[in-house]
file structure_22.cif (mmCIF, C-alpha atoms)
data_my_file
#
loop_
_atom_site.label_atom_id
_atom_site.label_comp_id
_atom_site.auth_asym_id
_atom_site.auth_seq_id
_atom_site.Cartn_x
_atom_site.Cartn_y
_atom_site.Cartn_z
CA MET A 7 -0.20 -1.51 -17.10
CA ALA A 8 -2.84 -3.99 -15.89
CA SER A 9 -6.50 -3.36 -16.57
CA LYS A 10 -8.66 -1.77 -13.90
CA VAL A 11 -10.44 -4.25 -11.63
CA GLU A 12 -13.72 -3.58 -9.82
CA ILE A 13 -14.44 -5.46 -6.60
CA CYS A 14 -18.17 -6.16 -6.39
CA PRO A 15 -20.03 -5.14 -3.20
CA GLU A 16 -20.57 -8.75 -2.12
CA VAL A 17 -16.84 -9.57 -2.29
CA ALA A 18 -16.00 -6.29 -0.56
CA ARG A 19 -18.34 -7.16 2.31
CA MET A 20 -16.74 -10.60 2.62
CA ALA A 21 -13.35 -8.92 2.75
CA GLN A 22 -14.57 -6.63 5.53
CA VAL A 23 -15.78 -9.58 7.57
CA LYS A 24 -12.47 -11.38 7.08
CA VAL A 25 -10.20 -8.51 8.10
CA ARG A 26 -12.30 -7.74 11.17
CA SER A 27 -12.11 -11.33 12.32
CA ILE A 28 -8.35 -11.74 11.95
CA GLY A 29 -7.08 -8.23 12.57
CA ALA A 30 -5.92 -7.06 9.16
CA SER A 31 -6.09 -4.01 6.90
CA LEU A 32 -9.08 -3.76 4.57
CA ALA A 33 -7.04 -1.74 2.08
CA ASN A 34 -4.41 -4.49 2.00
CA GLU A 35 -7.02 -7.20 1.46
CA LEU A 36 -8.76 -5.31 -1.35
CA ALA A 37 -5.42 -4.60 -3.03
CA ARG A 38 -4.57 -8.31 -2.83
CA LEU A 39 -7.90 -9.27 -4.41
CA ILE A 40 -7.39 -6.73 -7.20
CA ALA A 41 -3.90 -8.08 -7.93
CA GLU A 42 -5.23 -11.63 -7.96
CA GLU A 43 -8.01 -10.75 -10.42
CA SER A 44 -5.51 -8.90 -12.62
CA ILE A 45 -3.33 -12.02 -12.86
CA LEU A 46 -6.31 -14.27 -13.58
CA ALA A 47 -7.17 -11.95 -16.50
CA ILE A 48 -3.83 -12.64 -18.21
CA ASP A 49 -3.94 -15.00 -21.19
CA PRO A 50 -3.91 -18.61 -19.87
CA GLU A 51 -1.39 -19.53 -22.57
CA VAL A 52 1.19 -17.50 -20.66
CA ASP A 53 0.95 -20.18 -17.94
CA LEU A 54 0.80 -17.96 -14.89
CA VAL A 55 -1.13 -19.91 -12.26
CA VAL A 56 -2.52 -18.25 -9.14
CA GLU A 57 -2.02 -20.52 -6.12
CA ALA A 58 -3.25 -19.94 -2.59
CA ALA A 59 -2.87 -23.10 -0.53
CA SER A 60 0.89 -22.83 0.03
CA THR A 61 1.16 -19.10 0.74
CA LEU A 62 1.92 -17.57 4.13
CA THR A 63 -1.05 -15.25 3.61
CA GLU A 64 -3.36 -18.27 3.95
CA ILE A 65 -2.30 -18.50 7.61
CA ASP A 66 -4.65 -16.01 9.27
CA ALA A 67 -2.58 -15.90 12.46
CA LEU A 68 0.49 -14.79 10.48
CA VAL A 69 -1.51 -12.11 8.67
CA SER A 70 -2.54 -10.76 12.07
CA ALA A 71 0.85 -11.10 13.76
CA ALA A 72 3.23 -10.04 10.98
CA GLY A 73 1.12 -8.34 8.31
CA VAL A 74 1.82 -10.69 5.38
CA ASN A 75 -0.36 -9.88 2.37
CA GLY A 76 0.70 -11.84 -0.67
CA ILE A 77 -0.51 -13.96 -3.56
CA GLY A 78 1.00 -17.19 -4.87
CA VAL A 79 2.01 -17.36 -8.52
CA ASN A 80 3.71 -20.48 -9.90
CA GLY A 81 5.08 -21.41 -6.50
CA ARG A 82 6.33 -17.91 -5.59
CA GLU A 83 4.61 -15.68 -3.04
CA ILE A 84 4.57 -12.03 -4.06
CA ASP A 85 3.69 -9.31 -1.56
CA VAL A 86 0.89 -6.85 -2.47
CA ARG A 87 0.37 -3.35 -1.05
CA PRO A 88 -1.98 -0.44 -1.85
CA LEU A 89 -0.45 2.82 -3.04
CA SER A 90 -1.17 5.75 -0.72
CA GLN A 91 -2.38 9.11 -1.99
CA ASP A 92 1.12 10.44 -1.41
CA GLY A 93 2.69 7.79 -3.62
CA PHE A 94 4.09 5.50 -0.92
CA ILE A 95 3.70 1.86 0.02
CA SER A 96 4.36 0.49 3.50
CA VAL A 97 5.58 -2.95 4.53
CA PRO A 98 5.99 -4.25 8.08
CA ARG A 99 9.61 -4.01 9.13
CA VAL A 100 9.51 -7.59 10.42
CA LEU A 101 9.14 -8.88 6.84
CA ILE A 102 12.11 -7.04 5.34
CA GLY A 103 15.05 -9.31 4.59
CA THR A 104 12.96 -12.47 4.93
CA PRO A 105 12.11 -14.99 2.19
CA TYR A 106 8.51 -13.78 2.24
CA LEU A 107 9.60 -10.50 0.60
CA SER A 108 12.18 -12.04 -1.75
CA ALA A 109 9.94 -11.56 -4.81
CA GLY A 110 9.21 -7.93 -3.93
CA THR A 111 5.87 -6.15 -3.85
CA LEU A 112 3.15 -5.55 -6.42
CA VAL A 113 1.71 -2.04 -6.06
CA VAL A 114 -2.03 -1.45 -6.48
CA GLN A 115 -3.42 2.02 -7.10
CA MET A 116 -6.90 2.06 -5.62
CA ASN A 117 -10.02 4.17 -5.85
CA GLY A 118 -12.56 2.85 -3.38
CA HIS A 119 -13.25 -0.78 -4.26
CA SER A 120 -11.57 -0.63 -7.65
CA GLY A 121 -7.95 -0.40 -8.73
CA GLN A 122 -5.14 -1.69 -10.91
CA VAL A 123 -1.62 -3.02 -10.51
CA VAL A 124 0.68 -0.15 -11.47
CA ALA A 125 4.19 -1.09 -10.35
CA HIS A 126 6.54 -3.61 -8.78
CA VAL A 127 9.02 -2.73 -6.04
CA GLY A 128 11.98 -5.02 -5.43
CA PRO A 129 13.06 -6.12 -1.93
CA GLY A 130 16.21 -4.01 -2.18
CA SER A 131 14.16 -0.81 -2.06
CA PHE A 132 12.92 -1.70 1.42
CA LEU A 133 16.36 -2.73 2.63
CA ALA A 134 17.69 0.64 1.47
CA GLN A 135 15.06 2.51 3.48
CA GLU A 136 15.04 0.32 6.58
CA ASP A 137 17.70 2.26 8.48
CA LYS A 138 16.36 5.67 7.47
CA THR A 139 12.95 5.56 9.12
CA GLY A 140 13.73 5.08 12.81
CA GLN A 141 12.33 2.18 14.79
CA GLU A 142 8.70 2.26 13.71
CA ASP A 143 6.85 -0.89 12.70
CA TYR A 144 6.58 -0.03 8.99
CA VAL A 145 9.05 0.98 6.32
CA CYS A 146 7.73 3.31 3.62
CA VAL A 147 9.02 3.45 0.06
CA ARG A 148 8.06 6.03 -2.56
CA VAL A 149 6.80 4.50 -5.80
CA ASN A 150 7.33 6.04 -9.21
CA VAL A 151 4.44 4.80 -11.34
CA ASP A 152 5.46 3.98 -14.91
CA PRO A 153 2.54 4.12 -17.40
CA ALA A 154 4.37 1.47 -19.42
CA PHE A 155 4.47 -1.03 -16.53
CA ASP A 156 3.81 -4.56 -17.84
CA LEU A 157 2.37 -6.93 -15.22
CA GLU A 158 2.72 -10.03 -17.38
CA LYS A 159 6.42 -9.50 -18.11
CA THR A 160 7.10 -8.62 -14.48
CA LEU A 161 5.46 -11.79 -13.20
CA LEU A 162 7.26 -14.00 -15.74
CA SER A 163 10.56 -12.51 -14.62
CA LEU A 164 9.74 -13.09 -10.95
CA VAL A 165 8.64 -16.71 -11.27
CA LYS A 166 11.70 -17.58 -13.37
CA ALA A 167 14.16 -16.02 -10.91
CA PRO A 168 16.32 -18.44 -8.91
CA VAL A 169 15.04 -19.35 -5.45
CA VAL A 170 17.39 -18.63 -2.55
CA ASP A 171 17.30 -20.93 0.49
CA PHE A 172 17.13 -18.49 3.39
CA GLY A 173 16.65 -21.29 5.89
CA GLN A 174 20.15 -22.74 5.55
CA ASN A 175 21.60 -19.93 7.68
CA LEU A 176 19.19 -20.37 10.57
CA LYS A 177 21.05 -21.55 13.64
CA SER A 178 18.14 -21.70 16.06
CA LEU A 179 14.63 -22.69 15.09
CA PRO A 180 11.75 -21.38 17.23
CA ASP A 181 9.99 -23.80 19.54
CA GLU A 182 6.31 -23.87 20.49
CA ALA A 183 6.70 -21.38 23.35
CA GLU A 184 8.57 -18.86 21.20
CA LEU A 185 6.03 -19.11 18.40
CA ALA A 186 3.26 -18.45 20.92
CA ARG A 187 5.11 -15.33 22.13
CA PHE A 188 5.56 -14.17 18.55
CA LEU A 189 1.87 -14.62 17.87
CA ALA A 190 0.61 -13.01 21.07
CA ASN A 191 2.95 -10.01 21.14
CA ARG A 192 6.00 -10.11 18.94
CA HIS A 193 7.06 -6.61 20.04
CA GLN A 194 8.40 -8.13 23.24
CA MET A 195 11.08 -9.80 21.11
CA ILE A 196 14.03 -8.12 19.45
CA LEU A 197 13.44 -7.34 15.77
CA ALA A 198 16.25 -9.59 14.55
CA ARG A 199 14.66 -12.59 16.24
CA GLN A 200 11.24 -11.70 14.86
CA LYS A 201 12.71 -11.78 11.35
CA GLN A 202 14.37 -15.14 12.05
CA ILE A 203 11.02 -16.58 13.10
CA VAL A 204 9.33 -15.32 9.91
CA THR A 205 12.19 -16.81 7.91
CA ALA A 206 11.81 -20.15 9.71
CA ILE A 207 8.05 -20.21 9.11
CA ALA A 208 8.54 -19.36 5.43
CA SER A 209 11.38 -21.78 4.69
CA LYS A 210 10.82 -24.72 7.06
CA GLU A 211 7.67 -26.76 6.54
CA ALA A 212 7.93 -28.28 10.02
CA VAL A 213 8.07 -24.85 11.65
CA ARG A 214 5.13 -23.66 9.58
CA GLU A 215 3.03 -26.64 10.65
CA LEU A 216 4.00 -26.07 14.28
CA PHE A 217 3.02 -22.39 14.01
CA VAL A 218 -0.41 -23.34 12.66
CA ARG A 219 -0.91 -25.76 15.58
CA VAL A 220 0.20 -23.11 18.08
CA ALA A 221 -2.24 -20.61 16.53
CA GLN A 222 -5.09 -23.04 17.15
CA THR A 223 -4.42 -23.05 20.90
CA THR A 224 -3.04 -19.54 21.49
CA PRO A 225 -5.59 -16.73 22.09
CA TRP A 226 -5.43 -14.08 19.39
CA ALA A 227 -8.32 -11.86 18.41
CA LYS A 228 -9.31 -9.25 15.90
CA LEU A 229 -7.26 -6.10 15.49
CA SER A 230 -9.34 -3.81 17.69
CA GLN A 231 -8.67 -6.07 20.68
CA ILE A 232 -5.02 -6.51 19.77
CA LEU A 233 -4.52 -2.77 19.53
CA GLN A 234 -6.29 -2.10 22.83
CA THR A 235 -4.16 -4.62 24.72
CA SER A 236 -0.87 -3.79 23.05
CA GLY A 237 1.36 -1.57 25.15
CA VAL A 238 3.12 -0.30 22.04
CA TRP A 239 -0.13 0.81 20.43
CA GLU A 240 -1.48 2.34 23.63
CA VAL A 241 1.63 4.44 24.14
CA ARG A 242 1.53 5.60 20.53
CA THR A 243 -2.18 6.39 20.75
CA LEU A 244 -1.62 8.54 23.82
CA ARG A 245 1.25 10.35 22.10
CA PHE A 246 -0.91 10.98 19.03
CA THR A 247 -3.72 12.22 21.26
CA GLU A 248 -1.45 14.74 23.00
CA LYS A 249 -0.38 16.18 19.64
CA LEU A 250 -3.89 16.27 18.18
CA VAL A 251 -5.87 17.79 21.05
CA GLU A 252 -3.76 20.94 20.76
CA LYS A 253 -4.77 21.35 17.12
CA PHE A 254 -8.44 20.45 17.60
CA PRO A 255 -9.50 22.39 20.72
CA SER A 256 -13.22 21.88 20.10
CA LEU A 257 -12.88 18.10 20.39
CA SER A 258 -12.56 16.29 23.69
CA ARG A 259 -9.52 14.16 24.44
CA ASP A 260 -11.68 11.01 24.50
CA ARG A 261 -13.23 11.83 21.13
CA VAL A 262 -9.80 12.33 19.53
CA LYS A 263 -8.50 9.11 21.04
CA GLU A 264 -11.53 7.19 19.79
CA GLU A 265 -10.97 8.45 16.22
CA ILE A 266 -7.32 7.32 16.37
CA LYS A 267 -8.43 3.84 17.40
CA LYS A 268 -11.06 3.73 14.66
CA ALA A 269 -8.41 4.65 12.10
CA GLY A 270 -6.20 1.94 13.57
CA GLU A 271 -8.88 -0.67 13.01
CA GLU A 272 -9.50 0.47 9.43
CA PHE A 273 -5.87 0.84 8.35
CA GLY A 274 -4.45 -2.09 10.27
CA GLY A 275 -2.72 -0.08 12.99
CA GLN A 276 -0.27 1.60 10.59
CA PRO A 277 0.11 5.19 11.85
CA GLU A 278 3.50 5.47 10.12
CA THR A 279 1.86 5.49 6.71
CA PRO A 280 0.96 8.78 5.00
CA GLU A 281 -2.50 7.41 4.17
CA PHE A 282 -3.28 6.75 7.85
CA ARG A 283 -2.09 10.21 8.95
CA ARG A 284 -3.86 12.20 6.25
CA GLU A 285 -7.15 10.36 6.63
CA LEU A 286 -7.05 10.92 10.39
CA ILE A 287 -6.32 14.62 9.92
CA LYS A 288 -9.20 14.99 7.44
CA ARG A 289 -11.66 13.25 9.77
CA LEU A 290 -10.70 15.32 12.80
CA THR A 291 -10.72 18.56 10.80
CA LYS A 292 -14.27 17.87 9.59
CA MET A 293 -15.36 17.09 13.16
CA GLU A 294 -13.71 20.28 14.42
CA VAL A 295 -15.51 22.35 11.80
CA GLU A 296 -18.87 20.76 12.58
CA GLU A 297 -18.37 21.35 16.29
CA ARG A 298 -17.52 25.01 15.80
CA LEU A 299 -20.46 25.54 13.49
CA LYS A 300 -22.73 24.00 16.16
CA SER A 301 -24.82 22.57 13.34
CA LYS A 302 -24.41 20.40 10.30
CA ALA A 303 -21.43 21.63 8.33
CA PRO A 304 -22.05 22.91 4.78
CA ALA A 305 -22.00 20.19 2.15
CA LYS A 306 -18.93 21.81 0.60
CA VAL A 307 -16.82 21.62 3.77
CA LYS A 308 -15.46 18.14 3.03
CA GLN A 309 -14.50 19.28 -0.48
CA ILE A 310 -12.63 22.25 0.98
CA ILE A 311 -10.79 20.10 3.52
CA ASP A 312 -9.78 17.55 0.86
CA ALA A 313 -8.46 20.33 -1.38
CA VAL A 314 -6.43 21.97 1.40
CA VAL A 315 -4.99 18.68 2.64
CA SER A 316 -3.98 18.00 -0.96
CA GLY A 317 -1.94 21.22 -0.99
CA GLN A 318 -4.31 23.96 -2.18
CA SER A 319 -4.64 27.19 -0.17
CA ALA A 320 -7.91 27.86 1.68
CA LYS A 321 -8.56 30.98 -0.40
CA ASP A 322 -7.99 29.20 -3.72
CA ALA A 323 -10.11 26.25 -2.65
CA VAL A 324 -13.04 28.49 -1.70
CA ASN A 325 -12.68 30.48 -4.93
CA ALA A 326 -12.92 27.25 -6.91
CA ILE A 327 -16.15 26.22 -5.19
CA VAL A 328 -18.11 29.44 -4.56
CA SER A 329 -19.38 31.00 -7.78
CA ASN A 330 -19.85 34.51 -6.33
CA LYS A 331 -16.27 35.78 -6.45
CA VAL A 332 -17.15 39.19 -4.95
CA ALA A 333 -18.68 37.43 -1.94
CA VAL A 334 -15.47 35.43 -1.53
CA ALA A 335 -13.35 38.56 -1.75
CA ILE A 336 -15.50 40.29 0.87
CA ALA A 337 -15.31 37.21 3.12
CA VAL A 338 -11.51 37.17 2.79
CA SER A 339 -11.35 40.86 3.69
CA ILE A 340 -13.57 40.30 6.73
CA LYS A 341 -11.49 37.31 7.85
CA GLU A 342 -8.31 39.39 7.65
CA GLN A 343 -9.77 42.00 10.00
CA ARG A 344 -11.30 39.62 12.52
CA SER A 345 -9.64 38.10 15.54
CA ALA A 346 -9.68 34.35 16.05
CA ILE A 347 -12.48 34.78 18.59
CA ALA A 348 -14.81 35.94 15.86
CA ASP A 349 -14.46 32.76 13.84
CA PHE A 350 -17.75 31.56 12.31
CA CYS A 351 -19.69 34.67 13.37
CA GLN A 352 -22.20 35.92 10.82
CA ALA A 353 -20.96 38.92 8.87
CA SER A 354 -22.39 42.22 10.06
CA ALA A 355 -23.59 44.96 7.72
CA GLU A 356 -20.77 47.18 9.03
CA GLU A 357 -18.15 44.53 8.22
CA ILE A 358 -19.56 43.98 4.74
CA GLY A 359 -19.70 47.70 4.03
CA LEU A 360 -16.12 48.23 5.19
CA ALA A 361 -14.85 45.22 3.22
CA PHE A 362 -16.66 46.23 0.03
CA GLY A 363 -15.41 49.78 0.42
CA GLN A 364 -11.84 48.49 0.48
CA LEU A 365 -12.44 46.24 -2.52
CA ALA A 366 -13.97 49.08 -4.51
CA LEU A 367 -10.57 50.78 -4.46
CA GLN A 368 -9.04 47.82 -6.27
CA PRO A 369 -9.23 47.83 -10.10
CA ALA A 370 -10.44 44.24 -10.23
CA TYR A 371 -13.60 45.16 -8.30
CA ALA A 372 -14.12 48.83 -9.27
CA THR A 373 -16.82 48.05 -11.84
CA HIS A 374 -18.69 45.45 -9.76
CA SER A 375 -22.22 46.14 -8.60
CA PHE A 376 -22.96 44.29 -5.37
CA ASP A 377 -25.98 44.35 -3.08
CA PRO A 378 -24.73 43.51 0.45
CA GLU A 379 -28.18 42.40 1.61
CA ALA A 380 -28.76 40.12 -1.37
CA GLY A 381 -25.28 38.64 -1.06
CA MET A 382 -25.38 38.04 2.71
CA GLU A 383 -25.94 34.31 2.36
CA ALA A 384 -23.09 33.94 -0.13
CA ILE A 385 -20.73 35.94 2.11
CA ASN A 386 -21.54 33.89 5.20
CA GLU A 387 -21.11 30.65 3.24
CA ALA A 388 -17.71 31.84 2.02
CA LEU A 389 -16.76 32.83 5.60
CA ALA A 390 -17.63 29.36 6.90
CA LEU A 391 -15.72 27.65 4.09
CA LEU A 392 -12.70 29.91 4.59
CA GLU A 393 -12.63 29.06 8.27
CA ALA A 394 -12.87 25.36 7.47
CA GLY A 395 -10.00 25.69 5.00
CA GLN A 396 -7.87 27.67 7.43
CA ILE A 397 -8.38 25.07 10.13
CA ALA A 398 -7.14 22.48 7.65
CA GLU A 399 -4.15 24.69 6.82
CA ARG A 400 -3.24 25.05 10.48
CA VAL A 401 -3.20 21.30 11.04
CA GLU A 402 -1.26 20.43 7.90
CA ASP A 403 2.02 20.57 9.84
CA LEU A 404 0.68 17.65 11.86
CA ASP A 405 1.49 15.30 8.98
CA MET A 406 5.22 15.49 9.65
CA ASP A 407 4.75 15.56 13.43
CA LEU A 408 2.77 12.33 13.33
CA ALA A 409 5.24 10.75 10.90
CA VAL A 410 7.95 10.84 13.56
CA SER A 411 5.74 10.07 16.57
#
call {"tool": "encode", "arguments": {"input": "structure_22.cif", "output": "structure tokens"}}
result
Amino acid sequence: MASKVEICPEVARMAQVKVRSIGASLANELARLIAEESILAIDPEVDLVVEAASTLTEIDALVSAAGVNGIGVNGREIDVRPLSQDGFISVPRVLIGTPYLSAGTLVVQMNGHSGQVVAHVGPGSFLAQEDKTGQEDYVCVRVNVDPAFDLEKTLLSLVKAPVVDFGQNLKSLPDEAELARFLANRHQMILARQKQIVTAIASKEAVRELFVRVAQTTPWAKLSQILQTSGVWEVRTLRFTEKLVEKFPSLSRDRVKEEIKKAGEEFGGQPETPEFRRELIKRLTKMEVEERLKSKAPAKVKQIIDAVVSGQSAKDAVNAIVSNKVAVAIAVSIKEQRSAIADFCQASAEEIGLAFGQLALQPAYATHSFDPEAGMEAINEALALLEAGQIAERVEDLDMDLAVS
């Protein structure tokens, strides 16, 4: 497996500026930079040369329009994608079956601005999944990370593989007007034609040069503007909003919609990906908790939400964080007796007395000495954290709902 690479703050800031200006995903760009640095770290005697000038990813307009994100190695462009927390990578459907993806995808496992190349996924894996994921813009493939993955051997195999001429089967090359349509809003075109245009740009130098000239005269802006003017994105945003406002009643419709658009800018408008969905759910859950608390949420709330979204129960997550286990047990007992209307209310002396009385009957708590007054703060903290965790539990089913939106 390749060594871990750290992207310095200055390079990360430059990457942020770049993706904002062309409408791309920051995670994709950072993963690409990490893969590039990993290849540069390989012994020069191996003769693996990183090349940029001839890659499709050097054409900013194509990055924005089609989502290419590759690096050039010895004349071959290899796609690069970040691994999501759920173990998936996502590639734009328009690229599948085109020469751009013929060398497959290098997978980068990231942690903030650092990461390492951990796997390679061949183009066949995407073709196998293409018909199983509906008509969304991205195709997701689960990646099984092998600790013994060897980046050097993988790259040598890829650059030595025979090159297939995809362009020989093209019957109709795109003209200037069609390239402008593809750049401005390719979703107005059928998917098969979109793929033919990518193939033509990748395999025909004349078409590539024409596309670059068209990009210089055709208006195209950064992603936030593209998303706001795209009918496809707007419809999907509204559909997401309808699903989310039901689960986050304390947040206004406009506030939910704004968070969806912010996530779209950050993740490159990829709501089909598990990473996009889970990050959006975590953000909205934290906002919901803060709104219900009517004050700054406890510092431990984010930790609780992350734990629950990762699969832990609210009770177990709170138990792992709060050191006073009796206070947690009392808080759980109080929560079980309360109605939903009582959420986030301070515990009353009567509730604490009743809860502790019930716990005293259980062998695990029979020998505990507990002063309700002294433990009031711990109980109320546990109550707040339990509520935060239970909110996260209730919205967990959103992950699958959003996946098919």
call {"tool": "resolve_selection", "arguments": {"input": "structure_22.cif", "expression": "the PyMOL selection byres ((chain A and resi 313-315) around 12)", "output": "PyMOL selection string"}}
result
chain A and resi 91-92+280-281+283-289+291-292+306-312+316-327+391-405
call {"tool": "closest_residue", "arguments": {"input": "structure_22.cif", "among": "A:Glu158, A:Glu12, A:Glu272, A:Glu142", "to": "A:Ile45", "atoms": "all atoms listed in the file"}}
result
A:Glu158
call {"tool": "resolve_selection", "arguments": {"input": "structure_22.cif", "expression": "the PyMOL selection byres ((chain A and resi 178) around 10)", "output": "list of chain:residue names"}}
result
A:Asn175, A:Leu176, A:Lys177, A:Leu179, A:Pro180, A:Asp181, A:Arg199, A:Gln202, A:Ile203, A:Ala206
call {"tool": "residues_around", "arguments": {"input": "structure_22.cif", "residues": "A:Pro129", "least_positions_apart": "2", "cutoff": "9 Å", "atoms": "all atoms listed in the file", "output": "PyMOL selection string"}}
result
chain A and resi 102-103+107-111+127+131-134
call {"tool": "write_last_selection", "arguments": {"input": "structure_22.cif", "atoms": "C-alpha atoms", "output": "PDB file, in the coordinates of the input"}}
result
ATOM      1  CA  ILE A 102      12.110  -7.040   5.340  1.00  0.00           C
ATOM      2  CA  GLY A 103      15.050  -9.310   4.590  1.00  0.00           C
ATOM      3  CA  LEU A 107       9.600 -10.500   0.600  1.00  0.00           C
ATOM      4  CA  SER A 108      12.180 -12.040  -1.750  1.00  0.00           C
ATOM      5  CA  ALA A 109       9.940 -11.560  -4.810  1.00  0.00           C
ATOM      6  CA  GLY A 110       9.210  -7.930  -3.930  1.00  0.00           C
ATOM      7  CA  THR A 111       5.870  -6.150  -3.850  1.00  0.00           C
ATOM      8  CA  VAL A 127       9.020  -2.730  -6.040  1.00  0.00           C
ATOM      9  CA  SER A 131      14.160  -0.810  -2.060  1.00  0.00           C
ATOM     10  CA  PHE A 132      12.920  -1.700   1.420  1.00  0.00           C
ATOM     11  CA  LEU A 133      16.360  -2.730   2.630  1.00  0.00           C
ATOM     12  CA  ALA A 134      17.690   0.640   1.470  1.00  0.00           C
TER      13      ALA A 134
END
call {"tool": "atom_distance", "arguments": {"input": "structure_22.cif", "atom1": "atom CA of A:Val25", "atom2": "atom CA of A:Ala67"}}
result
11.5 Å
call {"tool": "resolve_selection", "arguments": {"input": "structure_22.cif", "expression": "the PyMOL selection byres ((chain A and resi 75) around 9)", "output": "PyMOL selection string"}}
result
chain A and resi 34-35+38+62-63+69+73-74+76-77+84-87
call {"tool": "closest_residue", "arguments": {"input": "structure_22.cif", "among": "A:Ala33, A:Leu257, A:Ala208, A:Leu89", "to": "A:Ala269", "atoms": "all atoms listed in the file"}}
result
A:Ala33
call {"tool": "build_atoms", "arguments": {"input": "structure_22.cif", "residues": "stretch 72-84 of chain A", "atoms": "N, CA and C atoms", "output": "PDB file, in the coordinates of the input"}}
result
ATOM      1  N   ALA A  72       2.105 -10.627  11.713  1.00  0.00           N
ATOM      2  CA  ALA A  72       3.230 -10.040  10.980  1.00  0.00           C
ATOM      3  C   ALA A  72       2.833  -9.185   9.792  1.00  0.00           C
ATOM      4  N   GLY A  73       1.551  -9.213   9.390  1.00  0.00           N
ATOM      5  CA  GLY A  73       1.120  -8.340   8.310  1.00  0.00           C
ATOM      6  C   GLY A  73       1.434  -8.843   6.918  1.00  0.00           C
ATOM      7  N   VAL A  74       1.598 -10.176   6.728  1.00  0.00           N
ATOM      8  CA  VAL A  74       1.820 -10.690   5.380  1.00  0.00           C
ATOM      9  C   VAL A  74       0.570 -10.427   4.538  1.00  0.00           C
ATOM     10  N   ASN A  75       0.774 -10.201   3.245  1.00  0.00           N
ATOM     11  CA  ASN A  75      -0.360  -9.880   2.370  1.00  0.00           C
ATOM     12  C   ASN A  75       0.035 -10.182   0.927  1.00  0.00           C
ATOM     13  N   GLY A  76       0.184 -11.477   0.641  1.00  0.00           N
ATOM     14  CA  GLY A  76       0.700 -11.840  -0.670  1.00  0.00           C
ATOM     15  C   GLY A  76      -0.206 -12.768  -1.455  1.00  0.00           C
ATOM     16  N   ILE A  77       0.184 -13.003  -2.696  1.00  0.00           N
ATOM     17  CA  ILE A  77      -0.510 -13.960  -3.560  1.00  0.00           C
ATOM     18  C   ILE A  77       0.534 -14.932  -4.100  1.00  0.00           C
ATOM     19  N   GLY A  78       0.102 -16.182  -4.334  1.00  0.00           N
ATOM     20  CA  GLY A  78       1.000 -17.190  -4.870  1.00  0.00           C
ATOM     21  C   GLY A  78       0.869 -17.290  -6.371  1.00  0.00           C
ATOM     22  N   VAL A  79       2.000 -17.233  -7.057  1.00  0.00           N
ATOM     23  CA  VAL A  79       2.010 -17.360  -8.520  1.00  0.00           C
ATOM     24  C   VAL A  79       3.127 -18.336  -8.897  1.00  0.00           C
ATOM     25  N   ASN A  80       2.735 -19.468  -9.461  1.00  0.00           N
ATOM     26  CA  ASN A  80       3.710 -20.480  -9.900  1.00  0.00           C
ATOM     27  C   ASN A  80       4.717 -20.826  -8.800  1.00  0.00           C
ATOM     28  N   GLY A  81       4.211 -20.995  -7.594  1.00  0.00           N
ATOM     29  CA  GLY A  81       5.080 -21.410  -6.500  1.00  0.00           C
ATOM     30  C   GLY A  81       5.827 -20.294  -5.807  1.00  0.00           C
ATOM     31  N   ARG A  82       5.656 -19.050  -6.236  1.00  0.00           N
ATOM     32  CA  ARG A  82       6.330 -17.910  -5.590  1.00  0.00           C
ATOM     33  C   ARG A  82       5.280 -17.020  -4.935  1.00  0.00           C
ATOM     34  N   GLU A  83       5.526 -16.617  -3.697  1.00  0.00           N
ATOM     35  CA  GLU A  83       4.610 -15.680  -3.040  1.00  0.00           C
ATOM     36  C   GLU A  83       5.114 -14.263  -3.257  1.00  0.00           C
ATOM     37  N   ILE A  84       4.220 -13.413  -3.753  1.00  0.00           N
ATOM     38  CA  ILE A  84       4.570 -12.030  -4.060  1.00  0.00           C
ATOM     39  C   ILE A  84       3.722 -11.109  -3.183  1.00  0.00           C
TER      40      ILE A  84
END
